[in-house]
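Asker: Quick one: the structure is below, questions incoming.
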Amino acid sequence: MLRNKTIVLGITGGIAAYKAAEIASQLTQTGANVNVIMTEEALQFISPVTFRALAGRPVVTEMFDLASEFSIEHVSLAKAADIVVIAPATANIIAKLAAGIADDILCCTVLATEAPVLIAPAMETNMYTNPITRDNLAKLKARGFVIVDPATGWLASGREGLGRLADINDIIGSIRQVLGRGGDLAGRHIVVTAGGSHEPIDPVRYISNRSSGKMGYALAEAARDRGAKVTLITAPTSLPEPVGIDVVKVGTAQEMRRAVENVASRADALVMAAAVADYRPIKAAKDKIKKGKAGLTLRMECTPDILGTVKGKFVKVGFAAESNNLVENAREKLRQKGLALIVANDITANDSGFGSDTNRVTIIDRKGKVDSLPLLPKREVADRVLDRVVVLLPKPRSRRPKKL
Ligand code: C5P
């Protein structure tokens with residue numbers, strides 16, 4: 001979705017300027033055209049040669065550059081942009097933008113653009129928490145600027161605190177989200193579950209499975225990038241929390257069921273990618289179970305079937321990990337659980353999808369249509385699944401014009 005998008009990346013003069021190199025690189029690798037603008041102060045921290053090489057395009061550093069490919073630079077850059085991103089943004093650029101000052105190429109570009117503007121502040125804690133900066137940011141936010149809040153951690157001053165440039169994944173996730181506004185899931189609420197549930201045996205042990213959560217997270221991010229409001233209900237995973245998504249963390253199948261039921265009435269679609277344990281120990285021991293020569297027998301009971309029992313008007317999508325008779329078993333699950341779609345994968349195949357970044361799936365619908373997809377990155381599988389969900393959603397209710 002970033003492919004062929006034109007992004008102005010504005011870099012201002014802070015120590016986090018070196019991180020902008022990674023942003024430029026990642027955006028370029030996804031196929032975006034990255035036009036870098038550096039302020040005079042940014043040039044003190046990092047060379048334009050770095051960005052010229054990473055983005056493969058000229059870097060703009062001054063207002064009137066006769067050698068530039070752009071005619072009137074700020075106007076051409078502003079017009080061509082799908083989004084303007086300022087990362088890192090110093091207190092100074094934030095103050096200038098809030099005051100409407102246009103004394104450098106970056107400010108002029110921001111003033112001249114009709115594209116959304118995203119700002120990732122990075123500065124010393126006291127500068128960031130200063131009411132002047134807070135007011136300036138609030139003013140920009142009120143004007144529709146998107147602010148990616150800084151993180152807490154090591155600062156150049158040697159102190160720990162709030163003001164570090166946000167994680168690069170969060171900045172790129174926010175860019176994707178902004179560019180995805182108005183996508184085919186705009187105005188929809190998509191609920192996704194992910195990860196393998198943990199069913200406790202005692203305070204330190206649990207039963208789980210090999211699910212990494214990657215498929216569910218890819219679905220949640222893909223839905224976000226198509227304009228949806230997304231709730232991700234996730235069992236424990238080692239994945240970073242995605243930006244722009246309501247994340248609900250759960251442990252057991254029972255907790256996941258409660259979380260799903262809490263949001264189900266507001267959902268347009270529920271996509272259950274989680275690998276929910278089918279059995280759980282009847283009773284988790286209060287204390288850690290001691291090692292004994294006699295071995296250990298666990299008595300197990302079935303967990304609630306979330307997908308099979310949750311009620312509502314949403315489009316219900318299930319996953320089926322099968323080791324034999326893929327299509328027949330998946331079809332049977334679709335029928336039993338009253339699903340609109342089921343996404344099946346053969347876990348005996350080498351590229352079964354567990355833990356990897358790719359998956360080979362077969363999508364089956366209620367009419368029995370079987371669509372076997374090739375091996376694809378999970379993000380692409382997610383988009384293929386959502387393509388199918390979009391056509392099953394009821395048409396959004398159009399608002400009647402008010403009677404005069
Ligand atoms: O029956 P099976 O566990 O194979 O079904 C898989 C599908 O059902 C998945 O979408 C999974 O998230 C969901 N499921 C559930 N509750 C369970 C077990 C599985 O919602 N207790």
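Residues in the structure tokens are numbered from 1 in each chain, the chains being A, B, ... in the order shown, and ligands are numbered from 1 in the order shown.
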Tell me, as a PyMOL selection string, which residues lie within 8 Å of Ala223 of chain A, counting only C-alpha atoms; anything in the same chain fewer than 6 positions away does not count.
Answerer: chain A and resi 185+190+229-230+383+386
Asker: Would you list the contacts of Leu27 of chain A as a PyMOL selection string, taking every protein, DNA or RNA residue within 9 Å and counting only C-alpha atoms, but skipping same-chain residues closer than 4 positions in sequence?
Answerer: chain A and resi 2-3+7+22-23+31-34+55+172
Asker: Could you jot down the atom CA of Pro200 of chain A to atom CA of Thr252 of chain A separation for me, Å, one decimal place?
Answerer: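 Computed distance, atom CA of Pro200 of chain A to atom CA of Thr252 of chain A, equals 7.9 Å.
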Asker: How would you report the residues lying within 8 Å of ligand 1, as a PyMOL selection string, if you count only C-alpha atoms and all ligand atoms?
Answerer: chain A and resi 193-194+253+257+271-279+302-308+317-322+333+337+342
Asker: Identify, on the basis of only C-alpha atoms, every residue whose closest approach to segment 39-47 of chain A does not exceed 9 Å; exclude the query and any residue fewer than 3 positions from it along the same chain; express the result as a list of chain:residue names.
Answerer: A:Gly10, A:Ile11, A:Thr12, A:Gly13, A:Gly14, A:Ile15, A:Ala16, A:Ala17, A:Tyr18, A:Ala21, A:Thr50, A:Phe51, A:Val60, A:Thr61, A:Glu62, A:Asp104, A:Ile105, A:Leu106
Asker: Could the residues in this selection be saved with C-alpha atoms as a PDB file, in the first residue's frame?
Answerer:
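Saved as result_5.pdb:
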ATOM      1  CA  GLY A  10      11.274  16.261   6.530  1.00  0.00           C
ATOM      2  CA  ILE A  11      14.278  15.982   8.817  1.00  0.00           C
ATOM      3  CA  THR A  12      15.055  18.598  11.429  1.00  0.00           C
ATOM      4  CA  GLY A  13      18.112  19.212  13.584  1.00  0.00           C
ATOM      5  CA  GLY A  14      18.081  16.812  16.480  1.00  0.00           C
ATOM      6  CA  ILE A  15      20.299  13.899  17.434  1.00  0.00           C
ATOM      7  CA  ALA A  16      17.551  11.474  16.344  1.00  0.00           C
ATOM      8  CA  ALA A  17      18.156  12.665  12.745  1.00  0.00           C
ATOM      9  CA  TYR A  18      20.278   9.576  12.154  1.00  0.00           C
ATOM     10  CA  ALA A  21      17.985   7.194   7.552  1.00  0.00           C
ATOM     11  CA  THR A  50      23.108   9.348   3.093  1.00  0.00           C
ATOM     12  CA  PHE A  51      19.553  10.147   2.041  1.00  0.00           C
ATOM     13  CA  VAL A  60      16.288  19.249  -0.905  1.00  0.00           C
ATOM     14  CA  THR A  61      18.172  21.424   1.544  1.00  0.00           C
ATOM     15  CA  GLU A  62      17.461  24.961   0.444  1.00  0.00           C
ATOM     16  CA  ASP A 104      12.504  27.536   5.518  1.00  0.00           C
ATOM     17  CA  ILE A 105      11.750  25.002   2.792  1.00  0.00           C
ATOM     18  CA  LEU A 106      10.177  22.493   5.202  1.00  0.00           C
TER      19      LEU A 106
END
Asker: Just the strand (DSSP E or B) stuff from segment 73-196 of chain A, please, per backbone DSSP, written as a ChimeraX atom specification.
Answerer: /A:83-89,117-121,146-147,151-154,160-164,189-194,196
Asker: Can you write out the residues you just picked, keeping N, CA and C atoms, as a CSV table (one decimal), in the first residue's frame?
Answerer:
chain,number,residue,atom,x,y,z
A,83,ILE,N,1.7,12.3,1.6
A,83,ILE,CA,1.8,12.6,3.0
A,83,ILE,C,3.1,13.3,3.2
A,84,VAL,N,3.1,14.2,4.2
A,84,VAL,CA,4.4,14.8,4.6
A,84,VAL,C,4.7,14.3,6.1
A,85,VAL,N,5.9,13.8,6.2
A,85,VAL,CA,6.3,13.2,7.5
A,85,VAL,C,7.4,14.0,8.1
A,86,ILE,N,7.4,14.5,9.3
A,86,ILE,CA,8.5,15.2,9.9
A,86,ILE,C,9.0,14.3,11.0
A,87,ALA,N,10.2,13.7,10.8
A,87,ALA,CA,10.8,12.8,11.8
A,87,ALA,C,12.3,12.8,11.7
A,88,PRO,N,13.0,13.3,12.7
A,88,PRO,CA,12.4,13.8,14.0
A,88,PRO,C,12.0,15.3,13.8
A,89,ALA,N,11.0,15.6,14.6
A,89,ALA,CA,10.5,17.0,14.7
A,89,ALA,C,11.0,17.7,16.0
A,117,VAL,N,-0.3,15.7,7.3
A,117,VAL,CA,1.1,15.9,7.8
A,117,VAL,C,1.2,15.1,9.1
A,118,LEU,N,2.3,14.3,9.2
A,118,LEU,CA,2.5,13.5,10.4
A,118,LEU,C,3.8,14.0,11.0
A,119,ILE,N,3.8,14.2,12.3
A,119,ILE,CA,4.9,14.7,13.1
A,119,ILE,C,5.4,13.7,14.2
A,120,ALA,N,6.6,13.4,14.2
A,120,ALA,CA,7.2,12.6,15.2
A,120,ALA,C,8.2,13.4,16.0
A,121,PRO,N,7.7,14.0,17.2
A,121,PRO,CA,8.6,14.8,17.9
A,121,PRO,C,9.8,14.0,18.6
A,146,VAL,N,-1.1,14.7,12.4
A,146,VAL,CA,-1.1,13.5,13.2
A,146,VAL,C,0.2,13.5,14.0
A,147,ILE,N,0.1,13.3,15.3
A,147,ILE,CA,1.3,13.3,16.1
A,147,ILE,C,1.7,11.9,16.5
A,151,ALA,N,8.7,8.3,22.7
A,151,ALA,CA,8.8,7.2,23.7
A,151,ALA,C,9.7,7.6,24.9
A,152,THR,N,9.7,6.8,25.9
A,152,THR,CA,10.6,7.0,27.0
A,152,THR,C,11.8,6.2,26.9
A,153,GLY,N,12.9,6.7,27.3
A,153,GLY,CA,14.2,5.9,27.3
A,153,GLY,C,15.4,6.8,27.3
A,154,TRP,N,16.5,6.3,26.8
A,154,TRP,CA,17.8,7.0,26.9
A,154,TRP,C,17.7,8.2,26.0
A,160,GLU,N,17.4,9.5,31.4
A,160,GLU,CA,16.3,8.7,30.9
A,160,GLU,C,15.1,9.5,30.9
A,161,GLY,N,14.3,9.5,30.0
A,161,GLY,CA,13.0,10.2,30.1
A,161,GLY,C,12.2,10.2,28.8
A,162,LEU,N,11.1,10.9,28.8
A,162,LEU,CA,10.2,11.0,27.7
A,162,LEU,C,10.8,11.9,26.7
A,163,GLY,N,10.7,11.6,25.4
A,163,GLY,CA,11.2,12.5,24.4
A,163,GLY,C,12.0,11.8,23.3
A,164,ARG,N,12.3,10.5,23.4
A,164,ARG,CA,13.0,9.7,22.4
A,164,ARG,C,12.0,9.6,21.2
A,189,HIS,N,-15.7,-1.8,11.8
A,189,HIS,CA,-15.0,-2.2,13.0
A,189,HIS,C,-14.6,-3.7,12.8
A,190,ILE,N,-13.4,-4.0,12.8
A,190,ILE,CA,-12.9,-5.4,12.5
A,190,ILE,C,-12.3,-5.9,13.8
A,191,VAL,N,-12.7,-7.0,14.3
A,191,VAL,CA,-12.1,-7.6,15.5
A,191,VAL,C,-11.3,-8.8,15.0
A,192,VAL,N,-10.1,-8.9,15.5
A,192,VAL,CA,-9.2,-10.0,15.1
A,192,VAL,C,-8.6,-10.6,16.4
A,193,THR,N,-8.6,-11.9,16.4
A,193,THR,CA,-7.9,-12.6,17.5
A,193,THR,C,-6.6,-13.2,17.0
A,194,ALA,N,-5.6,-13.3,17.9
A,194,ALA,CA,-4.3,-13.8,17.5
A,194,ALA,C,-3.6,-14.5,18.7
A,196,GLY,N,-1.6,-18.0,20.5
A,196,GLY,CA,-2.0,-19.3,21.2
A,196,GLY,C,-2.3,-19.0,22.6
Asker: Between A:Lys378, A:Lys214, A:His198, A:Arg280, single out the one closest to Val250 of chain A, counting only C-alpha atoms.
Answerer: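 The answer is A:His198, which sits nearest to Val250 of chain A.
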